[in-house]
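Below: query-v3.cif (mmCIF, C-alpha atoms)
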```
data_structure
loop_
_atom_site.label_atom_id
_atom_site.label_comp_id
_atom_site.auth_asym_id
_atom_site.auth_seq_id
_atom_site.Cartn_x
_atom_site.Cartn_y
_atom_site.Cartn_z
CA MET P 1 51.24 73.10 183.17
CA PRO P 2 49.57 71.55 180.14
CA ASP P 3 46.15 69.94 180.56
CA PRO P 4 46.52 66.15 180.60
CA ASP P 5 43.26 65.76 178.67
CA PRO P 6 43.41 67.92 175.57
CA GLU P 7 39.77 67.37 174.62
CA PRO P 8 38.16 70.40 176.34
CA LEU P 9 40.85 72.76 175.07
CA PHE P 10 40.66 71.22 171.61
CA TYR P 11 36.92 71.83 171.38
CA ARG P 12 37.33 75.37 172.62
CA TRP P 13 40.01 76.06 170.01
CA LEU P 14 37.82 74.49 167.38
CA ALA P 15 34.95 76.79 168.34
CA GLU P 16 37.11 79.91 168.59
CA HIS P 17 39.69 79.37 165.87
CA GLY P 18 38.06 76.77 163.61
CA ASP P 19 37.49 79.49 161.02
CA ALA P 20 41.24 80.06 160.74
CA VAL P 21 41.76 76.35 160.02
CA LEU P 22 39.05 76.39 157.36
CA LYS P 23 40.45 79.51 155.72
CA VAL P 24 43.96 78.09 155.58
CA ALA P 25 42.66 74.82 154.13
CA ARG P 26 40.64 76.69 151.56
CA ALA P 27 43.64 78.80 150.54
CA TYR P 28 45.86 75.76 149.89
CA THR P 29 43.40 73.41 148.19
CA ILE P 30 41.09 73.52 145.22
CA THR P 31 38.57 70.71 145.58
CA ASP P 32 36.19 70.05 148.48
CA GLU P 33 37.64 66.59 148.93
CA ASP P 34 41.19 67.92 149.29
CA ARG P 35 39.97 70.65 151.60
CA ARG P 36 38.25 68.17 153.90
CA ASP P 37 41.36 66.01 153.91
CA LEU P 38 43.60 68.96 154.75
CA VAL P 39 41.28 70.16 157.53
CA GLN P 40 41.37 66.66 159.05
CA GLU P 41 45.14 66.65 158.83
CA ILE P 42 45.43 70.07 160.45
CA LEU P 43 43.10 69.04 163.28
CA LEU P 44 45.11 65.87 163.87
CA GLN P 45 48.33 67.86 164.04
CA LEU P 46 46.65 70.40 166.30
CA TRP P 47 45.63 67.64 168.72
CA ARG P 48 49.13 66.18 168.62
CA SER P 49 50.67 69.56 169.35
CA MET P 50 48.48 70.37 172.34
CA PRO P 51 50.59 68.73 175.07
CA ARG P 52 53.39 71.12 174.10
CA PHE P 53 51.21 74.19 174.38
CA GLU P 54 52.32 76.11 177.45
CA GLY P 55 50.67 79.41 176.74
CA ARG P 56 53.88 81.23 175.83
CA ALA P 57 52.56 81.77 172.31
CA GLY P 58 49.03 83.07 171.87
CA GLU P 59 46.39 80.48 171.02
CA LEU P 60 45.65 81.97 167.61
CA THR P 61 49.36 82.14 166.83
CA TRP P 62 49.69 78.47 167.79
CA VAL P 63 46.71 77.40 165.69
CA TYR P 64 48.00 79.32 162.68
CA ARG P 65 51.47 77.80 163.04
CA VAL P 66 50.08 74.28 163.06
CA ALA P 67 47.62 75.00 160.24
CA LEU P 68 50.19 76.64 157.96
CA ASN P 69 52.96 74.12 158.63
CA THR P 70 50.56 71.29 157.91
CA ALA P 71 49.16 72.96 154.80
CA LEU P 72 52.62 73.68 153.41
CA GLY P 73 53.78 70.10 154.00
CA TRP P 74 50.53 68.56 152.81
CA ARG P 75 50.65 66.88 149.45
CA ARG P 76 47.77 65.58 147.47
CA GLY P 77 49.58 62.30 146.89
CA GLU P 78 49.38 61.52 150.59
CA ARG P 79 45.64 61.43 150.27
CA ARG P 80 45.87 58.02 148.68
CA ARG P 81 48.03 56.72 151.50
CA ARG P 82 45.49 57.98 154.00
CA ALA P 83 42.64 56.19 152.28
CA ARG P 84 42.30 53.80 155.21
CA GLN P 85 41.66 56.63 157.63
CA ARG P 86 38.16 56.80 159.11
CA PRO P 87 36.71 60.30 158.78
CA PHE P 88 36.30 61.99 162.15
CA LEU P 89 35.18 65.33 160.78
CA GLU P 90 31.79 66.53 159.63
CA PHE P 91 30.78 69.89 158.32
CA GLU P 92 27.46 71.32 159.44
CA ASP P 93 25.93 73.97 157.22
CA LEU P 94 25.35 77.20 159.06
CA PRO P 95 22.57 79.68 158.31
CA GLN P 96 23.95 82.72 156.51
CA THR P 97 24.16 85.77 158.73
CA GLY P 98 25.63 89.25 158.36
CA PRO P 99 25.06 91.79 155.63
CA ASP P 100 22.07 91.73 153.28
CA GLY P 101 21.87 89.81 150.00
CA VAL P 102 23.54 92.22 147.55
CA GLN P 103 26.37 93.17 149.86
CA ARG P 104 26.86 89.54 150.76
CA ALA P 105 27.07 88.60 147.09
CA ILE P 106 29.65 91.34 146.43
CA ARG P 107 31.75 90.24 149.38
CA ARG P 108 31.46 86.61 148.34
CA GLU P 109 32.74 87.52 144.90
CA VAL P 110 35.63 89.47 146.42
CA VAL P 111 36.48 86.56 148.67
CA GLU P 112 36.40 84.15 145.72
CA ARG P 113 38.81 86.37 143.82
CA LEU P 114 40.99 86.68 146.90
CA HIS P 115 41.16 82.91 147.31
CA ALA P 116 41.99 82.46 143.64
CA ALA P 117 44.75 85.08 143.88
CA ILE P 118 46.16 83.67 147.13
CA ARG P 119 46.42 80.22 145.58
CA ARG P 120 48.62 81.70 142.86
CA LEU P 121 51.02 83.38 145.29
CA PRO P 122 54.25 81.67 146.41
CA LYS P 123 53.38 79.55 149.44
CA ALA P 124 55.17 81.67 152.04
CA ASP P 125 53.63 84.86 150.64
CA ALA P 126 50.22 83.21 150.73
CA ALA P 127 50.76 82.46 154.42
CA LEU P 128 51.74 86.06 155.06
CA VAL P 129 48.68 87.40 153.24
CA LEU P 130 46.35 85.03 155.10
CA LEU P 131 47.63 86.30 158.42
CA TYR P 132 47.40 89.90 157.26
CA LEU P 133 43.82 89.49 156.06
CA ASP P 134 42.82 87.94 159.37
CA ASP P 135 44.18 91.08 161.02
CA LEU P 136 47.00 89.53 163.02
CA SER P 137 49.47 92.09 164.37
CA TYR P 138 53.00 92.31 162.95
CA ARG P 139 54.22 90.67 166.13
CA GLN P 140 51.84 87.74 165.77
CA ILE P 141 52.73 87.35 162.09
CA ALA P 142 56.43 87.36 163.00
CA GLU P 143 55.80 84.66 165.64
CA VAL P 144 53.89 82.46 163.22
CA LEU P 145 56.41 82.76 160.41
CA GLY P 146 59.58 82.89 162.49
CA ILE P 147 60.82 86.11 160.91
CA SER P 148 61.70 89.42 162.52
CA GLU P 149 58.92 91.88 163.20
CA GLY P 150 60.75 94.50 161.17
CA ASN P 151 60.72 92.26 158.15
CA VAL P 152 57.01 91.61 158.24
CA GLY P 153 56.24 95.07 156.87
CA VAL P 154 58.76 94.75 154.03
CA LYS P 155 57.50 91.34 152.98
CA LEU P 156 53.89 92.31 153.41
CA ASN P 157 54.35 95.31 151.20
CA ARG P 158 55.70 93.10 148.42
CA ALA P 159 53.10 90.38 148.94
CA ARG P 160 50.25 92.91 148.93
CA LYS P 161 51.44 94.33 145.62
CA ALA P 162 51.63 90.84 144.13
CA LEU P 163 48.18 90.07 145.50
CA GLY P 164 46.76 93.29 144.02
CA LYS P 165 48.20 92.41 140.62
CA LEU P 166 46.76 88.91 140.75
CA MET P 167 43.39 90.27 141.87
CA GLU P 168 43.41 92.55 138.83
CA GLU P 169 44.13 89.58 136.59
CA GLU P 170 41.36 87.60 138.25
CA SER P 171 38.86 90.38 137.67
CA HIS P 172 39.86 90.69 133.99
CA GLY P 173 39.74 86.96 133.47
CA PRO P 174 42.48 84.74 132.01
CA MET S 1 40.61 97.78 146.08
CA ASP S 2 40.94 99.31 149.53
CA PRO S 3 42.94 96.96 151.79
CA ASP S 4 40.53 97.53 154.66
CA GLU S 5 37.61 96.54 152.45
CA LEU S 6 39.50 93.38 151.47
CA LYS S 7 40.08 92.58 155.13
CA ARG S 8 36.43 93.14 155.96
CA ALA S 9 35.30 90.89 153.15
CA TRP S 10 37.80 88.25 154.21
CA GLN S 11 36.90 88.31 157.86
CA THR S 12 33.15 88.18 157.28
CA GLN S 13 33.35 85.46 154.65
CA ALA S 14 30.92 82.63 155.08
CA THR S 15 32.83 79.49 155.95
CA PRO S 16 31.32 76.31 154.51
CA GLY S 17 29.92 75.40 157.91
CA SER S 18 31.13 74.51 161.33
CA ALA S 19 33.47 71.60 161.76
CA ARG S 20 32.22 68.86 164.06
CA VAL S 21 34.86 66.46 165.29
CA ASP S 22 34.43 63.04 166.83
CA ALA S 23 37.24 63.04 169.40
CA GLY S 24 37.03 59.26 169.82
CA LEU S 25 37.67 58.68 166.14
CA LEU S 26 40.41 61.29 166.13
CA ARG S 27 42.19 59.51 169.00
CA GLU S 28 41.76 56.20 167.20
CA GLU S 29 43.28 57.69 164.04
CA LEU S 30 46.27 58.97 166.02
CA ARG S 31 46.77 55.52 167.54
CA ARG S 32 46.49 53.93 164.09
CA ARG S 33 49.13 56.31 162.75
CA ARG S 34 51.46 55.63 165.67
CA ARG S 35 51.13 51.91 165.05
CA ALA S 36 51.63 52.39 161.30
CA PHE S 37 54.72 54.54 161.95
CA ALA S 38 56.24 51.98 164.34
CA ALA S 39 55.49 49.23 161.83
CA SER S 40 57.04 51.18 158.96
CA ILE S 41 60.25 51.76 161.00
CA PHE S 42 60.36 48.09 161.95
CA TRP S 43 59.89 46.88 158.37
CA ARG S 44 62.36 49.44 157.06
CA ASP S 45 65.01 48.05 159.42
CA VAL S 46 64.06 44.48 158.52
CA ARG S 47 64.35 45.33 154.84
CA GLU S 48 67.59 47.27 155.05
CA VAL S 49 69.52 45.57 157.82
CA GLY S 50 67.68 42.29 158.40
CA VAL S 51 68.12 41.11 154.82
CA CYS S 52 71.87 41.83 154.98
CA LEU S 53 72.23 39.98 158.29
CA LEU S 54 70.08 37.08 157.08
CA LEU S 55 72.16 36.67 153.96
CA ILE S 56 75.39 36.25 155.95
CA PRO S 57 74.70 32.76 157.43
CA ILE S 58 73.20 31.66 154.12
CA TRP S 59 76.32 32.86 152.34
CA ILE S 60 78.60 31.06 154.79
CA TYR S 61 76.54 27.88 154.54
CA LEU S 62 76.70 27.95 150.74
CA GLY S 63 80.44 28.55 150.84
CA LEU S 64 81.09 25.70 153.27
CA SER S 65 78.72 23.20 151.66
CA ARG S 66 80.25 23.76 148.22
CA SER S 67 83.81 24.18 149.45
CA LEU S 68 84.14 27.53 147.73
CA HIS S 69 87.29 29.64 147.90
CA TRP S 70 88.03 32.45 150.29
CA THR S 71 86.92 35.16 147.86
CA TRP S 72 83.34 33.86 148.23
CA TYR S 73 83.38 35.08 151.83
CA LEU S 74 84.29 38.65 150.84
CA MET S 75 80.56 39.18 150.52
CA VAL S 76 80.24 38.81 154.31
CA PRO S 77 82.19 42.02 155.16
CA ALA S 78 80.41 43.74 152.27
CA LEU S 79 76.99 42.88 153.77
CA LEU S 80 78.16 43.82 157.26
CA TRP S 81 79.42 47.15 155.93
CA ILE S 82 76.04 47.93 154.29
CA ALA S 83 74.09 47.06 157.45
CA ALA S 84 76.47 49.08 159.64
CA TYR S 85 76.45 52.05 157.27
CA LEU S 86 72.66 52.22 157.24
CA GLN S 87 72.44 51.95 161.00
CA ALA S 88 75.14 54.58 161.48
CA ASP S 89 73.34 56.91 159.09
CA ARG S 90 70.03 56.48 160.92
CA LYS S 91 71.68 57.06 164.29
CA ARG S 92 73.77 60.05 163.20
CA PRO S 93 72.69 63.05 165.23
CA ALA S 94 70.60 65.24 163.02
CA CYS S 95 68.11 67.95 163.08
CA PRO S 96 65.04 66.47 164.82
CA PRO S 97 61.90 66.20 162.73
CA PRO S 98 59.97 69.46 162.71
CA GLU S 99 57.06 69.81 165.10
CA PRO S 100 53.83 71.16 163.66
CA ASP S 101 53.70 74.07 166.11
CA GLU S 102 57.11 75.53 165.33
CA PRO S 103 57.43 78.83 163.49
CA LEU S 104 57.14 78.35 159.76
CA ARG S 105 60.76 79.24 159.04
CA ARG S 106 62.14 76.73 161.54
CA HIS S 107 59.75 74.11 160.16
CA VAL S 108 60.97 74.73 156.61
CA GLU S 109 64.65 74.61 157.70
CA ALA S 110 64.16 71.28 159.46
CA SER S 111 62.25 69.80 156.53
CA LEU S 112 64.96 70.97 154.14
CA GLU S 113 67.69 69.37 156.24
CA GLN S 114 65.82 66.07 156.27
CA VAL S 115 65.33 66.11 152.51
CA GLU S 116 68.98 66.99 151.88
CA ARG S 117 70.14 64.22 154.16
CA GLN S 118 68.02 61.69 152.27
CA ILE S 119 69.36 63.01 148.95
CA ARG S 120 72.96 62.60 150.19
CA LEU S 121 72.27 59.02 151.25
CA LEU S 122 70.67 58.01 147.96
CA ARG S 123 73.18 59.89 145.83
CA ALA S 124 76.05 58.00 147.48
CA VAL S 125 74.36 54.62 146.99
CA PHE S 126 77.12 53.53 144.61
CA TRP S 127 79.80 53.89 147.30
CA TRP S 128 78.07 52.35 150.30
CA TYR S 129 75.84 49.76 148.64
CA ILE S 130 76.68 48.92 145.04
CA SER S 131 80.48 49.01 145.02
CA PRO S 132 81.08 46.70 148.06
CA ILE S 133 78.82 44.06 146.51
CA ILE S 134 80.30 44.46 143.03
CA LEU S 135 83.87 44.29 144.40
CA ALA S 136 83.16 41.18 146.47
CA LYS S 137 81.41 39.50 143.58
CA SER S 138 84.10 40.49 141.06
CA ALA S 139 86.84 39.07 143.29
CA PHE S 140 85.07 35.72 143.46
CA VAL S 141 84.21 35.60 139.76
CA GLY S 142 87.74 36.72 138.86
CA GLN S 143 89.30 34.01 140.97
CA GLU S 144 87.01 31.36 139.52
CA ALA S 145 87.81 32.56 136.02
CA TRP S 146 91.53 32.37 136.72
CA ARG S 147 91.24 28.88 138.11
CA GLY S 148 89.15 27.74 135.14
CA ARG S 149 91.20 29.55 132.52
CA ALA S 150 91.87 26.23 130.82
CA GLY S 151 88.22 26.38 129.71
CA GLY S 152 89.21 29.08 127.22
CA TRP S 153 86.46 31.01 125.46
CA TRP S 154 83.65 29.16 127.21
CA MET S 155 84.91 30.30 130.55
CA LEU S 156 85.19 33.86 129.26
CA VAL S 157 81.60 33.77 128.04
CA ALA S 158 80.36 32.38 131.37
CA VAL S 159 82.24 35.02 133.36
CA SER S 160 80.99 37.78 131.07
CA GLU S 161 77.41 36.62 131.53
CA VAL S 162 77.68 36.59 135.31
CA MET S 163 79.34 40.02 135.35
CA ALA S 164 76.83 41.47 132.88
CA LEU S 165 73.94 40.29 135.03
CA GLY S 166 75.56 41.90 138.07
CA ILE S 167 76.08 45.16 136.21
CA VAL S 168 72.45 45.19 135.03
CA VAL S 169 71.16 44.68 138.58
CA ALA S 170 73.56 47.29 140.00
CA SER S 171 72.58 49.78 137.28
CA PHE S 172 68.92 49.23 138.08
CA VAL S 173 69.50 49.85 141.80
CA TYR S 174 71.51 52.96 140.95
CA TRP S 175 68.84 54.24 138.54
CA LEU S 176 66.05 53.55 141.04
CA ASN S 177 67.76 55.58 143.75
CA HIS S 178 68.56 58.47 141.43
CA TYR S 179 65.06 58.37 140.01
CA ALA S 180 63.69 58.82 143.55
CA ILE S 181 65.96 61.85 143.94
CA ARG S 182 64.91 63.40 140.61
CA ALA S 183 61.20 62.64 140.83
CA ASP S 184 60.51 63.22 144.49
CA LEU S 185 63.30 64.70 146.56
CA GLU S 186 64.74 67.37 144.25
CA PRO S 187 61.38 69.04 143.55
CA ARG S 188 60.69 69.03 147.28
CA ARG S 189 64.10 70.53 148.00
CA ARG S 190 63.60 73.26 145.38
CA GLU S 191 60.20 74.06 146.85
CA LEU S 192 61.58 74.26 150.39
CA LYS S 193 64.56 76.36 149.30
CA ALA S 194 62.28 78.81 147.52
CA MET S 195 60.09 79.01 150.60
CA LEU S 196 63.09 79.55 152.86
CA ALA S 197 64.47 82.24 150.54
CA SER S 198 61.17 84.08 150.70
CA LEU S 199 61.39 84.01 154.50
CA GLU S 200 64.91 85.45 154.59
CA ASP S 201 65.44 89.01 155.79
CA GLU S 202 64.83 91.67 153.17
CA LYS S 203 65.92 95.26 152.98
CA PRO S 204 63.12 97.83 152.94
CA GLY S 205 62.19 98.61 149.35
CA ALA S 206 63.37 95.23 148.07
CA GLY S 207 61.11 93.71 145.48
CA GLY S 208 59.62 97.06 144.50
#
```
This structure in structure tokens:
Amino acid sequence: MPDPDPEPLFYRWLAEHGDAVLKVARAYTITDEDRRDLVQEILLQLWRSMPRFEGRAGELTWVYRVALNTALGWRRGERRRRARQRPFLEFEDLPQTGPDGVQRAIRREVVERLHAAIRRLPKADAALVLLYLDDLSYRQIAEVLGISEGNVGVKLNRARKALGKLMEEESHGP
Amino acid sequence: MDPDELKRAWQTQATPGSARVDAGLLREELRRRRRAFAASIFWRDVREVGVCLLLIPIWIYLGLSRSLHWTWYLMVPALLWIAAYLQADRKRPACPPPEPDEPLRRHVEASLEQVERQIRLLRAVFWWYISPIILAKSAFVGQEAWRGRAGGWWMLVAVSEVMALGIVVASFVYWLNHYAIRADLEPRRRELKAMLASLEDEKPGAGG
């Protein structure tokens, strides 16, 4: 039975899966302004979708579905039509944690190259790679994309090769 | 680079910060969008159907007050046809709009069906919108021309002017609809088709 007030669940999802939303938004946008707009849009769609959430799909699967569907349908032109919208989202800077400075810098550089390469992939392949990088199982990937589990491996193999090639190009410059 | 290393880097990436959401403002935005959506549907119907229905009494009034011939009233069934066609098209059972939580493939299929339906409607604009009006108008102008044939060349010039104006307006409406298809709908359809194709089943080893 779905919760009549989605607010507590929404905040929990935001705390637990907010990173996934941010990563998807970052993969499908270039500027900070677009990214913020897309995150807002994804969160709106997530809220709207919550009454239909019955727990049959996993929470992460659900969040990824909403995020990817919104990102793939999102168009920069709509930004102008949404100009009247009042922002309901704020980003708070977090202190950097994790590995030390050098390792962090290397990983940051890798992540930058990854994002650049993902943005150049066909949209469906980009979705597949995002899910793969976030370590979703083949079953979860199949549920998000609506393809058979057996096909995930085949597509992933192709997408990974394309990603590797683009990463090479990124590292050698244009 | 080792795929596991890529995954590690990806999963430990620093996100720009945590997202803080004002639920009150989010609810307000949803309400605003619902209102805007209802208003856009209402004004779309007013524009498409209301104008046709409004024109009918005006047309009849003009015909009666100026004692015009029966061909003048052919515009009435033409306007009724356009209004009915649009309503029938809107009410035709179709694939429901995609929900944001559906699997990606189903979402793409539903979006594609919606785009293709809109393309079909606009592409056929000549048959359901332009031609009924042109036919009704031509019948009236033709009859008037026949009745005033004693006017000779002057009548021919007047009729040609009226018909030319009608053809210019009809061509503009036709161009506008086809421009919307070319500039907006076709690129979207191509994009969705490509996305759907990349989600189709593949044989192992396909694509290298």
Selected residue, from P:Ser171, P:Gln140, P:Gln45, P:Thr31, that lies nearest to chain S when counting only C-alpha atoms: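 Of the candidates, the smallest distance to chain S is held by P:Gln45.
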Give me, as a PyMOL selection string, the residues of chain P touching chain S, with the criterion being at most 7 Å (counting all atoms listed in the file). chain P and resi 19+44-45+49+62+65-66+69-70+85+88-94+107-108+110-111+123-124+133-134+143-147+151+154+158
Which residues come within 8 Å of Ala83 (chain S), counting only C-alpha atoms, excluding same-chain residues fewer than 4 positions away, as a list in words? Glu48, Val49, Cys52, Leu53, Leu79 and Gln87 of chain S
Each side padded by 5 Å, which centre and which edge lengths in Å (one decimal) define the axis-aligned box around the listed atoms of region 79-94 of chain S? Give them as AutoDock Vina command-line options.
```
--center_x 74.7 --center_y 54.1 --center_z 159.5 --size_x 19.4 --size_y 32.4 --size_z 21.5
```
Please report the interatomic distance between CA of Leu38 (chain P) and CA of Leu163 (chain P) in Å with one decimal. 23.5 Å
Using all atoms listed in the file for the distances, tell me which of S:Leu54, S:Ile130, S:Arg90, S:Val169 is nearest to Gln114 (chain S).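 Closest candidate: S:Arg90.
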So, counting all atoms listed in the file, which residue among P:Leu9, P:Val152, P:Ala71, P:Val39 is closest to Phe53 (chain P)? P:Leu9
Once the PyMOL selection byres ((chain S and resi 61-72) around 12) has been applied to the shown file, what residues remain in the selection, as JSON, numbers by chain? {"S": [54, 55, 56, 57, 58, 59, 60, 73, 74, 75, 76, 77, 78, 133, 135, 136, 137, 138, 139, 140, 141, 142, 143, 144, 147]}
Write out the residues from the selection above, keeping C-alpha atoms, as an mmCIF file, keeping the file's coordinate frame.
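To be explicit, this is the file written out as result27.cif:
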```cif
data_model
loop_
_atom_site.group_PDB
_atom_site.id
_atom_site.type_symbol
_atom_site.label_atom_id
_atom_site.label_comp_id
_atom_site.auth_asym_id
_atom_site.auth_seq_id
_atom_site.Cartn_x
_atom_site.Cartn_y
_atom_site.Cartn_z
ATOM 1 C CA LEU S 54 70.080 37.080 157.080
ATOM 2 C CA LEU S 55 72.160 36.670 153.960
ATOM 3 C CA ILE S 56 75.390 36.250 155.950
ATOM 4 C CA PRO S 57 74.700 32.760 157.430
ATOM 5 C CA ILE S 58 73.200 31.660 154.120
ATOM 6 C CA TRP S 59 76.320 32.860 152.340
ATOM 7 C CA ILE S 60 78.600 31.060 154.790
ATOM 8 C CA TYR S 73 83.380 35.080 151.830
ATOM 9 C CA LEU S 74 84.290 38.650 150.840
ATOM 10 C CA MET S 75 80.560 39.180 150.520
ATOM 11 C CA VAL S 76 80.240 38.810 154.310
ATOM 12 C CA PRO S 77 82.190 42.020 155.160
ATOM 13 C CA ALA S 78 80.410 43.740 152.270
ATOM 14 C CA ILE S 133 78.820 44.060 146.510
ATOM 15 C CA LEU S 135 83.870 44.290 144.400
ATOM 16 C CA ALA S 136 83.160 41.180 146.470
ATOM 17 C CA LYS S 137 81.410 39.500 143.580
ATOM 18 C CA SER S 138 84.100 40.490 141.060
ATOM 19 C CA ALA S 139 86.840 39.070 143.290
ATOM 20 C CA PHE S 140 85.070 35.720 143.460
ATOM 21 C CA VAL S 141 84.210 35.600 139.760
ATOM 22 C CA GLY S 142 87.740 36.720 138.860
ATOM 23 C CA GLN S 143 89.300 34.010 140.970
ATOM 24 C CA GLU S 144 87.010 31.360 139.520
ATOM 25 C CA ARG S 147 91.240 28.880 138.110
#
```
Quick one: pull the distance between CA of Ala117 (chain P) and CA of Glu170 (chain P), Å, one decimal. 7.0 Å
Straight-line distance linking CA of Ser148 (chain P) with CA of Met167 (chain P), stated in Å to one decimal: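 Those two atoms sit 27.6 Å apart.
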Would you kindly place N, CA and C atoms on region 112-129 of chain S and return the model as a PDB file, in the frame of the given file?
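part-v2.pdb, freshly written:
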```
ATOM      1  N   LEU S 112      63.924  70.904 155.172  1.00  0.00           N
ATOM      2  CA  LEU S 112      64.960  70.970 154.140  1.00  0.00           C
ATOM      3  C   LEU S 112      66.152  70.102 154.531  1.00  0.00           C
ATOM      4  N   GLU S 113      66.538  70.163 155.795  1.00  0.00           N
ATOM      5  CA  GLU S 113      67.690  69.370 156.240  1.00  0.00           C
ATOM      6  C   GLU S 113      67.400  67.881 156.086  1.00  0.00           C
ATOM      7  N   GLN S 114      66.179  67.495 156.412  1.00  0.00           N
ATOM      8  CA  GLN S 114      65.820  66.070 156.270  1.00  0.00           C
ATOM      9  C   GLN S 114      65.863  65.626 154.812  1.00  0.00           C
ATOM     10  N   VAL S 115      65.335  66.457 153.938  1.00  0.00           N
ATOM     11  CA  VAL S 115      65.330  66.110 152.510  1.00  0.00           C
ATOM     12  C   VAL S 115      66.758  66.029 151.986  1.00  0.00           C
ATOM     13  N   GLU S 116      67.602  66.979 152.377  1.00  0.00           N
ATOM     14  CA  GLU S 116      68.980  66.990 151.880  1.00  0.00           C
ATOM     15  C   GLU S 116      69.761  65.784 152.393  1.00  0.00           C
ATOM     16  N   ARG S 117      69.468  65.401 153.589  1.00  0.00           N
ATOM     17  CA  ARG S 117      70.140  64.220 154.160  1.00  0.00           C
ATOM     18  C   ARG S 117      69.761  62.960 153.368  1.00  0.00           C
ATOM     19  N   GLN S 118      68.485  62.846 153.032  1.00  0.00           N
ATOM     20  CA  GLN S 118      68.020  61.690 152.270  1.00  0.00           C
ATOM     21  C   GLN S 118      68.640  61.706 150.861  1.00  0.00           C
ATOM     22  N   ILE S 119      68.750  62.903 150.285  1.00  0.00           N
ATOM     23  CA  ILE S 119      69.360  63.010 148.950  1.00  0.00           C
ATOM     24  C   ILE S 119      70.818  62.547 149.011  1.00  0.00           C
ATOM     25  N   ARG S 120      71.540  62.996 150.061  1.00  0.00           N
ATOM     26  CA  ARG S 120      72.960  62.600 150.190  1.00  0.00           C
ATOM     27  C   ARG S 120      73.094  61.089 150.285  1.00  0.00           C
ATOM     28  N   LEU S 121      72.204  60.478 151.063  1.00  0.00           N
ATOM     29  CA  LEU S 121      72.270  59.020 151.250  1.00  0.00           C
ATOM     30  C   LEU S 121      72.031  58.296 149.922  1.00  0.00           C
ATOM     31  N   LEU S 122      71.009  58.698 149.214  1.00  0.00           N
ATOM     32  CA  LEU S 122      70.670  58.010 147.960  1.00  0.00           C
ATOM     33  C   LEU S 122      71.704  58.296 146.863  1.00  0.00           C
ATOM     34  N   ARG S 123      72.216  59.526 146.867  1.00  0.00           N
ATOM     35  CA  ARG S 123      73.180  59.890 145.830  1.00  0.00           C
ATOM     36  C   ARG S 123      74.474  59.088 145.989  1.00  0.00           C
ATOM     37  N   ALA S 124      74.805  58.736 147.232  1.00  0.00           N
ATOM     38  CA  ALA S 124      76.050  58.000 147.480  1.00  0.00           C
ATOM     39  C   ALA S 124      75.824  56.487 147.454  1.00  0.00           C
ATOM     40  N   VAL S 125      74.691  56.046 146.926  1.00  0.00           N
ATOM     41  CA  VAL S 125      74.360  54.620 146.990  1.00  0.00           C
ATOM     42  C   VAL S 125      75.418  53.749 146.309  1.00  0.00           C
ATOM     43  N   PHE S 126      76.088  54.314 145.301  1.00  0.00           N
ATOM     44  CA  PHE S 126      77.120  53.530 144.610  1.00  0.00           C
ATOM     45  C   PHE S 126      78.242  53.159 145.586  1.00  0.00           C
ATOM     46  N   TRP S 127      78.634  54.119 146.437  1.00  0.00           N
ATOM     47  CA  TRP S 127      79.800  53.890 147.300  1.00  0.00           C
ATOM     48  C   TRP S 127      79.483  52.989 148.488  1.00  0.00           C
ATOM     49  N   TRP S 128      78.309  53.134 149.075  1.00  0.00           N
ATOM     50  CA  TRP S 128      78.070  52.350 150.300  1.00  0.00           C
ATOM     51  C   TRP S 128      77.274  51.071 150.040  1.00  0.00           C
ATOM     52  N   TYR S 129      76.671  50.942 148.876  1.00  0.00           N
ATOM     53  CA  TYR S 129      75.840  49.760 148.640  1.00  0.00           C
ATOM     54  C   TYR S 129      76.308  48.962 147.416  1.00  0.00           C
TER      55      TYR S 129
END
```
